[in-house]
>>> print(open('input_12.cif').read())   # mmCIF, C-alpha atoms
data_query
#
loop_
_atom_site.label_atom_id
_atom_site.label_comp_id
_atom_site.auth_asym_id
_atom_site.auth_seq_id
_atom_site.Cartn_x
_atom_site.Cartn_y
_atom_site.Cartn_z
CA MET A 1301 0.00 0.00 0.00
CA GLU A 1302 1.16 3.57 -0.65
CA PRO A 1303 1.88 4.95 2.82
CA SER A 1304 0.56 8.36 1.71
CA ILE A 1305 -3.03 7.09 1.37
CA TYR A 1306 -2.92 5.62 4.84
CA SER A 1307 -1.29 8.73 6.28
CA TYR A 1308 -3.73 11.09 4.58
CA SER A 1309 -6.70 9.17 5.94
CA LEU A 1310 -5.28 9.44 9.47
CA CYS A 1311 -4.61 13.16 8.94
CA ILE A 1312 -8.30 13.62 8.22
CA ALA A 1313 -9.67 11.46 11.03
CA LEU A 1314 -7.29 12.25 13.89
CA PRO A 1315 -7.89 16.03 14.19
CA LEU A 1316 -11.65 15.44 14.07
CA MET A 1317 -11.48 12.83 16.82
CA LEU A 1318 -9.38 15.12 19.02
CA PHE A 1319 -11.71 18.08 18.46
CA PHE A 1320 -14.87 16.04 19.15
CA GLY A 1321 -13.34 14.41 22.22
CA PHE A 1322 -12.17 17.62 23.87
CA TYR A 1323 -15.37 19.43 22.90
CA PHE A 1324 -17.52 16.78 24.56
CA LEU A 1325 -15.37 16.93 27.69
CA LEU A 1326 -14.83 20.67 28.02
CA ALA A 1327 -17.52 22.60 26.14
CA PRO A 1328 -19.96 24.43 28.43
CA THR A 1329 -23.54 23.26 28.90
CA PRO A 1330 -26.48 24.90 30.72
CA GLU A 1331 -25.92 25.01 34.48
CA LYS A 1332 -29.39 23.69 35.32
CA ALA A 1333 -29.41 20.50 37.39
CA ILE A 1334 -31.59 18.78 34.80
CA PHE A 1335 -28.61 18.79 32.40
CA ASN A 1336 -26.39 16.76 34.75
CA ASN A 1337 -27.25 13.54 32.95
CA TYR A 1338 -26.56 15.10 29.55
CA ARG A 1339 -23.16 16.29 30.77
CA ARG A 1340 -22.37 12.83 32.13
CA SER A 1341 -23.29 11.22 28.81
CA ARG A 1342 -21.25 13.70 26.81
CA ARG A 1343 -18.18 13.26 28.99
CA ILE A 1344 -18.33 9.50 28.58
CA MET A 1345 -18.61 9.98 24.82
CA GLY A 1346 -15.68 12.41 24.94
CA ALA A 1347 -13.55 9.81 26.73
CA ALA A 1348 -14.43 7.28 24.03
CA MET A 1349 -13.48 9.75 21.30
CA LEU A 1350 -10.12 10.52 22.90
CA LEU A 1351 -9.43 6.81 23.36
CA LEU A 1352 -9.98 6.31 19.64
CA ALA A 1353 -7.84 9.37 18.93
CA ALA A 1354 -5.04 7.83 20.99
CA ASN A 1355 -5.37 4.68 18.90
CA TYR A 1356 -5.17 6.71 15.69
CA SER A 1357 -2.17 8.62 17.05
CA VAL A 1358 -0.18 5.44 17.64
CA HIS A 1359 -0.95 4.36 14.08
CA PHE A 1360 -0.06 7.78 12.66
CA PHE A 1361 3.12 8.67 14.56
CA PHE A 1362 4.62 5.21 14.97
CA GLY A 1363 3.34 3.42 11.85
CA ILE A 1364 2.64 0.37 14.00
CA ARG A 1365 0.59 -1.22 11.23
CA PHE A 1366 3.71 -1.59 9.08
CA LYS A 1367 6.05 -2.64 11.89
CA ASP A 1368 3.91 -5.29 13.56
CA ALA A 1369 0.48 -6.01 12.07
CA ASN A 1370 -0.46 -8.40 14.86
CA PHE A 1371 0.26 -5.82 17.54
CA ALA A 1372 -1.80 -3.27 15.57
CA ILE A 1373 -4.73 -5.70 15.41
CA LEU A 1374 -4.38 -6.40 19.15
CA MET A 1375 -4.46 -2.69 19.94
CA ASN A 1376 -7.50 -2.16 17.70
CA LEU A 1377 -9.48 -5.03 19.20
CA SER A 1378 -8.78 -3.94 22.76
CA THR A 1379 -9.67 -0.33 21.94
CA TYR A 1380 -12.92 -1.29 20.21
CA PHE A 1381 -14.01 -3.51 23.09
CA LEU A 1382 -13.67 -0.68 25.59
CA CYS A 1383 -15.18 1.86 23.19
CA TYR A 1384 -18.23 -0.35 22.64
CA TRP A 1385 -18.92 -0.11 26.35
CA LEU A 1386 -18.25 3.66 26.51
CA PHE A 1387 -20.42 4.43 23.48
CA SER A 1388 -23.34 2.30 24.64
CA SER A 1389 -23.07 3.68 28.18
CA ALA A 1390 -23.09 7.28 26.95
CA LEU A 1391 -26.20 6.74 24.83
CA THR A 1392 -28.06 4.53 27.32
CA THR A 1393 -27.40 7.10 30.05
CA LEU A 1394 -29.41 9.62 28.02
CA LEU A 1395 -32.39 7.28 28.37
CA ASP A 1396 -31.75 5.80 31.81
CA ARG A 1397 -29.93 7.97 34.35
CA PHE A 1398 -29.44 4.97 36.65
CA TYR A 1399 -27.80 2.78 34.02
CA ILE A 1400 -24.21 3.19 35.16
CA THR A 1401 -23.58 1.48 38.48
CA LYS A 1402 -20.38 0.50 40.28
CA ARG A 1403 -21.15 -3.16 39.80
CA ARG A 1404 -21.80 -2.78 36.08
CA LEU A 1405 -18.65 -0.68 35.69
CA ARG A 1406 -16.51 -3.32 37.43
CA THR A 1407 -18.03 -6.10 35.33
CA HIS A 1408 -17.28 -4.47 32.00
CA ILE A 1409 -13.78 -3.35 33.01
CA CYS A 1410 -12.99 -6.94 34.01
CA LEU A 1411 -14.37 -8.21 30.70
CA TRP A 1412 -12.20 -5.73 28.83
CA ILE A 1413 -9.07 -6.78 30.74
CA LEU A 1414 -9.83 -10.47 30.09
CA PHE A 1415 -10.47 -9.82 26.40
CA SER A 1416 -7.21 -7.86 26.08
CA ILE A 1417 -5.18 -10.58 27.79
CA LEU A 1418 -6.64 -13.31 25.60
CA SER A 1419 -6.06 -11.18 22.51
CA CYS A 1420 -2.43 -10.72 23.53
CA ILE A 1421 -1.99 -14.45 23.96
CA ALA A 1422 -3.65 -15.25 20.63
CA LEU A 1423 -1.87 -12.66 18.50
CA LEU A 1424 1.55 -12.40 20.10
CA LEU A 1425 2.25 -15.71 21.84
CA LEU A 1426 0.59 -18.40 19.75
CA PRO A 1427 2.59 -19.62 16.74
CA LYS A 1428 1.35 -18.87 13.25
CA GLY A 1429 -1.05 -21.43 11.90
CA GLY A 1430 -4.50 -22.85 12.39
CA LEU A 1431 -4.57 -22.42 16.18
CA ARG A 1432 -3.85 -18.68 15.99
CA THR A 1433 -6.42 -18.25 13.23
CA MET A 1434 -9.08 -20.05 15.26
CA ALA A 1435 -8.27 -18.02 18.38
CA THR A 1436 -8.40 -14.75 16.44
CA CYS A 1437 -11.75 -15.67 14.88
CA ALA A 1438 -13.10 -16.54 18.34
CA LEU A 1439 -12.01 -13.14 19.65
CA ALA A 1440 -13.62 -11.38 16.70
CA ALA A 1441 -16.85 -13.32 17.34
CA TRP A 1442 -16.70 -12.36 21.02
CA LEU A 1443 -16.30 -8.70 20.07
CA VAL A 1444 -19.28 -8.84 17.70
CA ILE A 1445 -21.51 -10.65 20.23
CA TYR A 1446 -20.52 -8.18 22.94
CA GLY A 1447 -21.41 -5.26 20.67
CA LEU A 1448 -24.75 -6.81 19.77
CA PHE A 1449 -25.55 -7.40 23.45
CA LEU A 1450 -24.88 -3.75 24.28
CA THR A 1451 -26.96 -2.73 21.27
CA TYR A 1452 -29.88 -4.85 22.46
CA ARG A 1453 -29.72 -3.24 25.90
CA LEU A 1454 -29.63 0.25 24.38
CA LEU A 1455 -32.55 -0.42 22.04
CA ARG A 1456 -34.56 -1.94 24.88
CA ALA A 1457 -34.10 1.26 26.90
CA TYR A 1458 -35.02 3.32 23.83
CA HIS A 1459 -38.26 1.44 23.15
CA GLU A 1460 -39.20 1.58 26.84
CA VAL A 1461 -38.89 5.37 26.82
CA ILE A 1462 -40.88 5.57 23.57
CA ARG A 1463 -43.62 3.44 25.17
CA ILE A 1464 -43.76 5.79 28.15
CA PHE A 1465 -44.06 8.80 25.85
CA GLU A 1466 -46.85 7.22 23.82
CA ASP A 1467 -48.82 6.26 26.93
CA THR A 1468 -48.47 9.59 28.73
CA HIS A 1469 -47.91 12.44 26.24
CA ALA A 1470 -50.01 13.66 23.33
CA ASP A 1471 -47.08 15.34 21.59
CA ASP A 1472 -44.58 13.30 19.60
CA ILE A 1473 -41.74 13.61 22.13
CA GLY A 1474 -40.20 10.45 20.69
CA ALA A 1475 -39.26 12.39 17.56
CA TYR A 1476 -36.61 14.21 19.59
CA ILE A 1477 -34.77 10.99 20.42
CA LYS A 1478 -35.23 9.19 17.10
CA TRP A 1479 -31.61 10.00 16.30
CA LEU A 1480 -30.61 7.57 19.05
CA SER A 1481 -32.28 4.72 17.20
CA ILE A 1482 -30.81 5.74 13.84
CA PHE A 1483 -27.34 6.15 15.29
CA THR A 1484 -27.54 2.82 17.12
CA TYR A 1485 -28.28 0.86 13.96
CA TRP A 1486 -25.54 2.76 12.15
CA ALA A 1487 -23.19 2.04 15.04
CA VAL A 1488 -23.90 -1.69 14.75
CA ILE A 1489 -22.95 -1.65 11.09
CA PHE A 1490 -19.94 0.58 11.62
CA GLY A 1491 -18.77 -1.03 14.86
CA VAL A 1492 -18.96 -4.58 13.57
CA GLY A 1493 -17.44 -3.39 10.31
CA CYS A 1494 -14.49 -1.82 12.11
CA GLY A 1495 -13.88 -5.00 14.05
CA LEU A 1496 -13.67 -6.88 10.76
CA LEU A 1497 -11.89 -4.18 8.73
CA THR A 1498 -8.96 -4.25 11.12
CA PHE A 1499 -8.08 -7.63 9.55
CA LEU A 1500 -8.03 -6.17 6.02
CA PRO A 1501 -4.86 -6.38 3.94
CA ASP A 1502 -2.69 -3.28 4.31
CA GLU A 1503 -3.72 -1.76 0.98
CA TYR A 1504 -7.34 -1.41 2.18
CA VAL A 1505 -6.81 -0.20 5.74
CA TYR A 1506 -7.53 3.42 4.79
CA ILE A 1507 -11.17 2.39 4.19
CA TRP A 1508 -11.42 1.59 7.90
CA ILE A 1509 -10.08 5.07 8.78
CA LEU A 1510 -12.13 7.15 6.34
CA SER A 1511 -15.39 5.34 7.12
CA SER A 1512 -15.26 6.77 10.64
CA VAL A 1513 -15.37 10.41 9.50
CA PRO A 1514 -19.09 10.72 8.52
CA PHE A 1515 -20.04 8.45 11.42
CA TYR A 1516 -18.54 10.70 14.08
CA ILE A 1517 -19.60 13.92 12.39
CA TYR A 1518 -23.21 12.68 12.53
CA LEU A 1519 -22.81 11.80 16.22
CA PHE A 1520 -21.32 15.20 17.03
CA LEU A 1521 -24.12 17.10 15.27
CA CYS A 1522 -26.79 14.95 16.93
CA TYR A 1523 -25.41 15.71 20.39
CA LEU A 1524 -25.36 19.44 19.64
CA ASN A 1525 -28.89 19.38 18.27
CA TYR A 1526 -30.19 17.26 21.13
CA LEU A 1527 -29.11 19.92 23.60
CA LEU A 1528 -31.96 22.09 22.28
CA PHE A 1529 -34.60 19.48 23.17
CA TYR A 1530 -32.99 17.67 26.09
CA GLU A 1531 -34.81 19.56 28.82
CA GLN A 1532 -38.21 18.87 27.25
CA VAL A 1533 -37.40 15.19 26.78
CA GLU A 1534 -36.05 14.80 30.31
CA ASN A 1535 -39.14 16.44 31.79
CA ALA A 1536 -41.33 14.11 29.73
CA VAL A 1537 -39.35 11.09 30.96
CA GLU A 1538 -39.66 12.30 34.55
CA ASP A 1539 -43.42 12.81 34.18
CA GLY A 1540 -43.80 9.41 32.56
CA MET A 1541 -41.78 7.67 35.25
CA THR A 1542 -43.87 9.39 37.92
CA SER A 1543 -47.03 8.18 36.23
CA GLU A 1544 -45.62 4.66 36.01
CA GLU A 1545 -44.85 4.70 39.73
CA GLU A 1546 -48.38 5.92 40.46
CA ASP A 1547 -49.73 3.05 38.36
CA LEU A 1548 -47.82 0.56 40.49
CA CYS A 1549 -49.42 1.98 43.62
CA ALA A 1550 -52.91 2.12 42.12
CA PRO A 1551 -55.27 -0.89 42.01
CA LYS A 1552 -54.83 -2.95 38.86
CA PRO A 1553 -57.80 -2.79 36.47
CA GLU A 1554 -58.37 -6.52 36.69
CA GLN A 1555 -58.54 -6.26 40.49
CA THR A 1556 -61.54 -3.95 40.41
CA PRO A 1557 -64.86 -4.31 38.62
CA LYS A 1558 -65.13 -0.55 38.06
CA LEU A 1559 -63.86 -0.60 34.49
CA GLU A 1560 -66.16 -3.43 33.54
CA THR A 1561 -69.36 -1.87 34.83
CA PRO A 1562 -71.62 -0.40 32.13
CA SER A 1563 -72.27 2.67 34.28
CA TYR A 1564 -68.57 3.51 34.51
CA ARG A 1565 -67.96 3.05 30.78
CA ALA A 1566 -71.06 5.12 29.97
CA GLU A 1567 -69.87 7.83 32.34
CA MET A 1568 -66.38 7.84 30.79
CA ALA A 1569 -67.81 7.89 27.27
CA GLU A 1570 -69.95 10.90 28.14
CA LYS A 1571 -67.05 12.78 29.73
CA ILE A 1572 -64.69 12.09 26.84
CA SER A 1573 -67.37 12.97 24.28
CA GLY A 1574 -67.90 16.33 25.94
CA TRP A 1575 -64.17 16.92 26.09
CA ILE A 1576 -63.79 16.08 22.40
CA ASP A 1577 -66.70 18.35 21.46
CA ALA A 1578 -64.92 21.18 23.30
CA ASP A 1579 -61.75 20.49 21.22
CA GLY A 1580 -59.71 19.93 24.38
CA TYR A 1581 -57.23 17.77 22.47
CA VAL A 1582 -55.76 20.72 20.51
CA ARG A 1583 -53.94 22.00 23.61
CA SER A 1584 -50.23 21.60 22.99
CA GLY A 1585 -48.30 19.68 25.62
CA LEU A 1586 -51.32 17.69 26.78
CA THR A 1587 -50.57 14.70 29.03
CA ILE A 1588 -52.78 11.86 30.17
CA LYS A 1589 -52.29 13.01 33.77
CA GLU A 1590 -53.74 16.41 32.90
CA LEU A 1591 -56.65 14.81 31.07
CA SER A 1592 -57.42 12.44 33.94
CA ASP A 1593 -57.47 15.39 36.35
CA GLU A 1594 -59.76 17.31 34.01
CA LEU A 1595 -62.14 14.36 33.71
CA HIS A 1596 -61.94 13.66 37.48
CA THR A 1597 -60.80 10.09 37.04
CA ASN A 1598 -57.79 7.90 37.75
CA ARG A 1599 -54.94 7.99 35.24
CA THR A 1600 -54.69 4.19 35.28
CA TYR A 1601 -58.39 3.74 34.55
CA LEU A 1602 -58.29 6.36 31.78
CA SER A 1603 -55.28 4.75 30.11
CA GLU A 1604 -56.93 1.34 30.23
CA TYR A 1605 -60.20 2.77 28.92
CA ILE A 1606 -58.44 4.38 25.92
CA LYS A 1607 -56.58 1.17 25.09
CA THR A 1608 -59.65 -1.08 25.33
CA THR A 1609 -62.08 1.33 23.66
CA TYR A 1610 -59.93 2.78 20.89
CA GLY A 1611 -57.31 0.04 20.63
CA THR A 1612 -54.41 2.46 20.58
CA SER A 1613 -52.02 4.43 22.77
CA PHE A 1614 -52.85 7.81 24.26
CA ARG A 1615 -50.58 9.66 21.79
CA ASP A 1616 -51.97 7.92 18.71
CA TRP A 1617 -55.53 8.56 19.90
CA ILE A 1618 -54.86 12.28 20.37
CA THR A 1619 -52.99 12.44 17.06
CA GLY A 1620 -56.01 10.97 15.26
CA LEU A 1621 -58.29 13.56 16.84
CA ARG A 1622 -55.92 16.36 15.85
CA ILE A 1623 -55.65 15.09 12.28
CA ASP A 1624 -59.46 15.06 11.97
CA TYR A 1625 -59.59 18.58 13.38
CA ALA A 1626 -56.91 19.71 10.91
CA LYS A 1627 -58.91 18.21 8.03
CA ARG A 1628 -61.91 20.31 9.02
CA LEU A 1629 -59.76 23.44 9.11
CA LEU A 1630 -58.27 22.64 5.71
CA VAL A 1631 -61.73 22.47 4.18
CA GLN A 1632 -63.41 25.33 6.07
CA TYR A 1633 -60.54 27.83 5.91
CA PRO A 1634 -58.76 27.50 2.57
CA ARG A 1635 -56.67 30.62 3.22
CA LEU A 1636 -55.06 29.25 6.36
CA THR A 1637 -51.49 28.12 5.85
CA VAL A 1638 -50.22 24.71 6.87
CA ALA A 1639 -48.25 26.37 9.68
CA ASP A 1640 -51.43 28.05 10.99
CA ILE A 1641 -53.38 24.79 10.90
CA SER A 1642 -50.53 22.94 12.58
CA GLU A 1643 -50.47 25.43 15.43
CA ARG A 1644 -54.26 25.51 15.85
CA SER A 1645 -54.42 21.71 15.86
CA GLY A 1646 -51.88 21.41 18.66
CA PHE A 1647 -48.93 19.88 16.81
CA LEU A 1648 -45.35 20.54 17.86
CA SER A 1649 -44.34 22.06 14.54
CA PRO A 1650 -45.43 22.18 10.88
CA SER A 1651 -42.89 19.50 10.01
CA HIS A 1652 -44.35 17.16 12.63
CA PHE A 1653 -47.84 17.94 11.40
CA ILE A 1654 -46.98 17.23 7.74
CA ARG A 1655 -45.23 13.95 8.62
CA LEU A 1656 -48.09 12.67 10.80
CA PHE A 1657 -50.73 13.86 8.34
CA LYS A 1658 -48.99 12.00 5.51
CA GLU A 1659 -48.72 8.85 7.62
CA ASN A 1660 -52.44 9.08 8.38
CA THR A 1661 -53.79 9.99 4.94
CA GLY A 1662 -51.07 9.01 2.48
CA CYS A 1663 -50.58 12.57 1.20
CA THR A 1664 -49.52 16.01 2.42
CA PRO A 1665 -52.04 18.53 3.81
CA VAL A 1666 -51.74 20.69 0.66
CA LYS A 1667 -52.50 17.78 -1.66
CA TRP A 1668 -55.34 16.61 0.55
CA ARG A 1669 -56.89 20.09 0.49
CA LYS A 1670 -56.65 20.25 -3.30
CA ARG A 1671 -58.18 16.80 -3.63
CA GLU A 1672 -61.09 17.73 -1.36
CA ALA A 1673 -61.65 20.98 -3.25
CA GLU A 1674 -62.05 19.23 -6.61
#
>>> encode(input="input_12.cif", output="structure tokens")
Amino acid sequence: MEPSIYSYSLCIALPLMLFFGFYFLLAPTPEKAIFNNYRRSRRIMGAAMLLLAANYSVHFFFGIRFKDANFAILMNLSTYFLCYWLFSSALTTLLDRFYITKRRLRTHICLWILFSILSCIALLLLPKGGLRTMATCALAAWLVIYGLFLTYRLLRAYHEVIRIFEDTHADDIGAYIKWLSIFTYWAVIFGVGCGLLTFLPDEYVYIWILSSVPFYIYLFLCYLNYLLFYEQVENAVEDGMTSEEEDLCAPKPEQTPKLETPSYRAEMAEKISGWIDADGYVRSGLTIKELSDELHTNRTYLSEYIKTTYGTSFRDWITGLRIDYAKRLLVQYPRLTVADISERSGFLSPSHFIRLFKENTGCTPVKWRKREAE
């Protein structure tokens, strides 16, 4: 391989990694206590970035890949193993503030040390041949399985938070953390790919380096953008968790006949019908706790009533009502803009409104209005 291609790829990646790492560690964030978890996550991510930058620096300044390929592979595998844990911990912490514990930290550090020792034995002490190849393949498989396990845990936390949002909030709060899901799937492809690309012949190693550039740029921009919405998301998580705890203390629906009595269901139907007729659902920021207080009922009963009666989550139910309301506005007030209708219907933004309207009807609000006018 031409050393220049390899060197140029490191020249591009290394400064970016250093900048991102130090920015995540040192850049100021709002002083509010609610941002403590965001700061913790960003510092963990910064540590992971600087660890990768240190790896790149050894490759760049010492050319270790050309002096001892096995040692370079050993260093890469050990670095990736630890970075898998740091990356997943940083992202999972954004969803679960109690994720990092002393016991979990000790467990993963011990796993990393064990993996590094076994990698050293396989790559530096075993003689060349079938045994070394088998041991190296086993280590690569371990790295992939470890990464997939961390991914599963992260996605489980993500879907749990999304479920809480859908059961407790009318607004599409989950849209603010969708980047976590996108980045996680990308990280699986990139992370597993890096673990395999480290075994590439020398003439293709630069692919491994350059492929990291768009990956980390996307991560950096997502963290910056998320800062704008973090407080709203964290408050929604806190409200949802509080509601979940209240549900645990409340009687379970199956333990009480109240939900099953015709009088209760008739009473709830009448209350909700009156609330719908008053267009109460267009209030932005509506939560199921607020609605249960307004209807003078228990949040647990109301949630169960919505699921059994309408067969959907609280958010999807409110979204359907808002879409129907927006359709009436589109027909009755042809001069209203999409932004005006979005605001009057209670949606977070015109972009959210257009996306949800298209999912519901198969076309944009403008096309739907034209079709109805014909």
>>> residues_around(input="input_12.cif", residues="Val1533 of chain A", least_positions_apart="2", cutoff="9 Å", atoms="all atoms listed in the file", output="ChimeraX atom specification")
/A:1473-1474,1476-1477,1529-1531,1535-1538
>>> resolve_selection(input="input_12.cif", expression="the PyMOL selection byres ((chain A and resi 1399) around 12)", output="PyMOL selection string")
chain A and resi 1337+1340-1341+1388-1398+1400-1405+1453-1454+1457
>>> write_last_selection(input="input_12.cif", atoms="C-alpha atoms", output="short mmCIF file (atom, residue, chain, number, x, y, z; two decimals), keeping the file's coordinate frame")
data_model
loop_
_atom_site.label_atom_id
_atom_site.label_comp_id
_atom_site.auth_asym_id
_atom_site.auth_seq_id
_atom_site.Cartn_x
_atom_site.Cartn_y
_atom_site.Cartn_z
CA ASN A 1337 -27.25 13.54 32.95
CA ARG A 1340 -22.37 12.83 32.13
CA SER A 1341 -23.29 11.22 28.81
CA SER A 1388 -23.34 2.30 24.64
CA SER A 1389 -23.07 3.68 28.18
CA ALA A 1390 -23.09 7.28 26.95
CA LEU A 1391 -26.20 6.74 24.83
CA THR A 1392 -28.06 4.53 27.32
CA THR A 1393 -27.40 7.10 30.05
CA LEU A 1394 -29.41 9.62 28.02
CA LEU A 1395 -32.39 7.28 28.37
CA ASP A 1396 -31.75 5.80 31.81
CA ARG A 1397 -29.93 7.97 34.35
CA PHE A 1398 -29.44 4.97 36.65
CA ILE A 1400 -24.21 3.19 35.16
CA THR A 1401 -23.58 1.48 38.48
CA LYS A 1402 -20.38 0.50 40.28
CA ARG A 1403 -21.15 -3.16 39.80
CA ARG A 1404 -21.80 -2.78 36.08
CA LEU A 1405 -18.65 -0.68 35.69
CA ARG A 1453 -29.72 -3.24 25.90
CA LEU A 1454 -29.63 0.25 24.38
CA ALA A 1457 -34.10 1.26 26.90
#
>>> residues_around(input="input_12.cif", residues="Phe1647 of chain A", least_positions_apart="2", cutoff="8 Å", atoms="only C-alpha atoms", output="PDB file with C-alpha atoms, in the frame of the given file")
ATOM      1  CA  ASP A1471     -47.080  15.340  21.590  1.00  0.00           C
ATOM      2  CA  VAL A1582     -55.760  20.720  20.510  1.00  0.00           C
ATOM      3  CA  SER A1584     -50.230  21.600  22.990  1.00  0.00           C
ATOM      4  CA  ARG A1622     -55.920  16.360  15.850  1.00  0.00           C
ATOM      5  CA  SER A1642     -50.530  22.940  12.580  1.00  0.00           C
ATOM      6  CA  GLU A1643     -50.470  25.430  15.430  1.00  0.00           C
ATOM      7  CA  ARG A1644     -54.260  25.510  15.850  1.00  0.00           C
ATOM      8  CA  SER A1645     -54.420  21.710  15.860  1.00  0.00           C
ATOM      9  CA  SER A1649     -44.340  22.060  14.540  1.00  0.00           C
ATOM     10  CA  PRO A1650     -45.430  22.180  10.880  1.00  0.00           C
ATOM     11  CA  HIS A1652     -44.350  17.160  12.630  1.00  0.00           C
ATOM     12  CA  PHE A1653     -47.840  17.940  11.400  1.00  0.00           C
TER      13      PHE A1653
END
>>> resolve_selection(input="input_12.cif", expression="the PyMOL selection byres ((chain A and resi 1358) around 12)", output="mmCIF file with C-alpha atoms, keeping the file's coordinate frame")
data_model
loop_
_atom_site.group_PDB
_atom_site.id
_atom_site.type_symbol
_atom_site.label_atom_id
_atom_site.label_comp_id
_atom_site.auth_asym_id
_atom_site.auth_seq_id
_atom_site.Cartn_x
_atom_site.Cartn_y
_atom_site.Cartn_z
ATOM 1 C CA SER A 1307 -1.290 8.730 6.280
ATOM 2 C CA LEU A 1310 -5.280 9.440 9.470
ATOM 3 C CA LEU A 1314 -7.290 12.250 13.890
ATOM 4 C CA LEU A 1351 -9.430 6.810 23.360
ATOM 5 C CA LEU A 1352 -9.980 6.310 19.640
ATOM 6 C CA ALA A 1353 -7.840 9.370 18.930
ATOM 7 C CA ALA A 1354 -5.040 7.830 20.990
ATOM 8 C CA ASN A 1355 -5.370 4.680 18.900
ATOM 9 C CA TYR A 1356 -5.170 6.710 15.690
ATOM 10 C CA SER A 1357 -2.170 8.620 17.050
ATOM 11 C CA HIS A 1359 -0.950 4.360 14.080
ATOM 12 C CA PHE A 1360 -0.060 7.780 12.660
ATOM 13 C CA PHE A 1361 3.120 8.670 14.560
ATOM 14 C CA PHE A 1362 4.620 5.210 14.970
ATOM 15 C CA GLY A 1363 3.340 3.420 11.850
ATOM 16 C CA ILE A 1364 2.640 0.370 14.000
ATOM 17 C CA ARG A 1365 0.590 -1.220 11.230
ATOM 18 C CA PHE A 1366 3.710 -1.590 9.080
ATOM 19 C CA LYS A 1367 6.050 -2.640 11.890
ATOM 20 C CA PHE A 1371 0.260 -5.820 17.540
ATOM 21 C CA ALA A 1372 -1.800 -3.270 15.570
ATOM 22 C CA MET A 1375 -4.460 -2.690 19.940
ATOM 23 C CA ASN A 1376 -7.500 -2.160 17.700
ATOM 24 C CA THR A 1379 -9.670 -0.330 21.940
#
>>> atom_distance(input="input_12.cif", atom1="atom CA of Ile1462 of chain A", atom2="atom CA of Ala1639 of chain A")
26.1 Å
>>> resolve_selection(input="input_12.cif", expression="the PyMOL selection byres ((chain A and resi 1595) around 9)", output="JSON, numbers by chain")
{"A": [1568, 1571, 1572, 1575, 1590, 1591, 1592, 1593, 1594, 1596, 1597, 1598]}
>>> closest_residue(input="input_12.cif", among="A:Gly1540, A:Pro1328, A:Gly1646, A:Pro1427", to="Leu1524 of chain A", atoms="all atoms listed in the file")
A:Pro1328
>>> residues_near_point(input="input_12.cif", point="(-57.6, 7.3, 29.2)", cutoff="12 Å", atoms="only C-alpha atoms", output="PyMOL selection string")
chain A and resi 1467-1470+1559+1565+1568-1569+1571-1572+1587-1618
>>> write_last_selection(input="input_12.cif", atoms="C-alpha atoms", output="mmCIF file, keeping the file's coordinate frame")
data_model
loop_
_atom_site.group_PDB
_atom_site.id
_atom_site.type_symbol
_atom_site.label_atom_id
_atom_site.label_comp_id
_atom_site.auth_asym_id
_atom_site.auth_seq_id
_atom_site.Cartn_x
_atom_site.Cartn_y
_atom_site.Cartn_z
ATOM 1 C CA ASP A 1467 -48.820 6.260 26.930
ATOM 2 C CA THR A 1468 -48.470 9.590 28.730
ATOM 3 C CA HIS A 1469 -47.910 12.440 26.240
ATOM 4 C CA ALA A 1470 -50.010 13.660 23.330
ATOM 5 C CA LEU A 1559 -63.860 -0.600 34.490
ATOM 6 C CA ARG A 1565 -67.960 3.050 30.780
ATOM 7 C CA MET A 1568 -66.380 7.840 30.790
ATOM 8 C CA ALA A 1569 -67.810 7.890 27.270
ATOM 9 C CA LYS A 1571 -67.050 12.780 29.730
ATOM 10 C CA ILE A 1572 -64.690 12.090 26.840
ATOM 11 C CA THR A 1587 -50.570 14.700 29.030
ATOM 12 C CA ILE A 1588 -52.780 11.860 30.170
ATOM 13 C CA LYS A 1589 -52.290 13.010 33.770
ATOM 14 C CA GLU A 1590 -53.740 16.410 32.900
ATOM 15 C CA LEU A 1591 -56.650 14.810 31.070
ATOM 16 C CA SER A 1592 -57.420 12.440 33.940
ATOM 17 C CA ASP A 1593 -57.470 15.390 36.350
ATOM 18 C CA GLU A 1594 -59.760 17.310 34.010
ATOM 19 C CA LEU A 1595 -62.140 14.360 33.710
ATOM 20 C CA HIS A 1596 -61.940 13.660 37.480
ATOM 21 C CA THR A 1597 -60.800 10.090 37.040
ATOM 22 C CA ASN A 1598 -57.790 7.900 37.750
ATOM 23 C CA ARG A 1599 -54.940 7.990 35.240
ATOM 24 C CA THR A 1600 -54.690 4.190 35.280
ATOM 25 C CA TYR A 1601 -58.390 3.740 34.550
ATOM 26 C CA LEU A 1602 -58.290 6.360 31.780
ATOM 27 C CA SER A 1603 -55.280 4.750 30.110
ATOM 28 C CA GLU A 1604 -56.930 1.340 30.230
ATOM 29 C CA TYR A 1605 -60.200 2.770 28.920
ATOM 30 C CA ILE A 1606 -58.440 4.380 25.920
ATOM 31 C CA LYS A 1607 -56.580 1.170 25.090
ATOM 32 C CA THR A 1608 -59.650 -1.080 25.330
ATOM 33 C CA THR A 1609 -62.080 1.330 23.660
ATOM 34 C CA TYR A 1610 -59.930 2.780 20.890
ATOM 35 C CA GLY A 1611 -57.310 0.040 20.630
ATOM 36 C CA THR A 1612 -54.410 2.460 20.580
ATOM 37 C CA SER A 1613 -52.020 4.430 22.770
ATOM 38 C CA PHE A 1614 -52.850 7.810 24.260
ATOM 39 C CA ARG A 1615 -50.580 9.660 21.790
ATOM 40 C CA ASP A 1616 -51.970 7.920 18.710
ATOM 41 C CA TRP A 1617 -55.530 8.560 19.900
ATOM 42 C CA ILE A 1618 -54.860 12.280 20.370
#
>>> atom_distance(input="input_12.cif", atom1="atom CA of Ile1344 of chain A", atom2="atom CA of Glu1331 of chain A")
18.2 Å
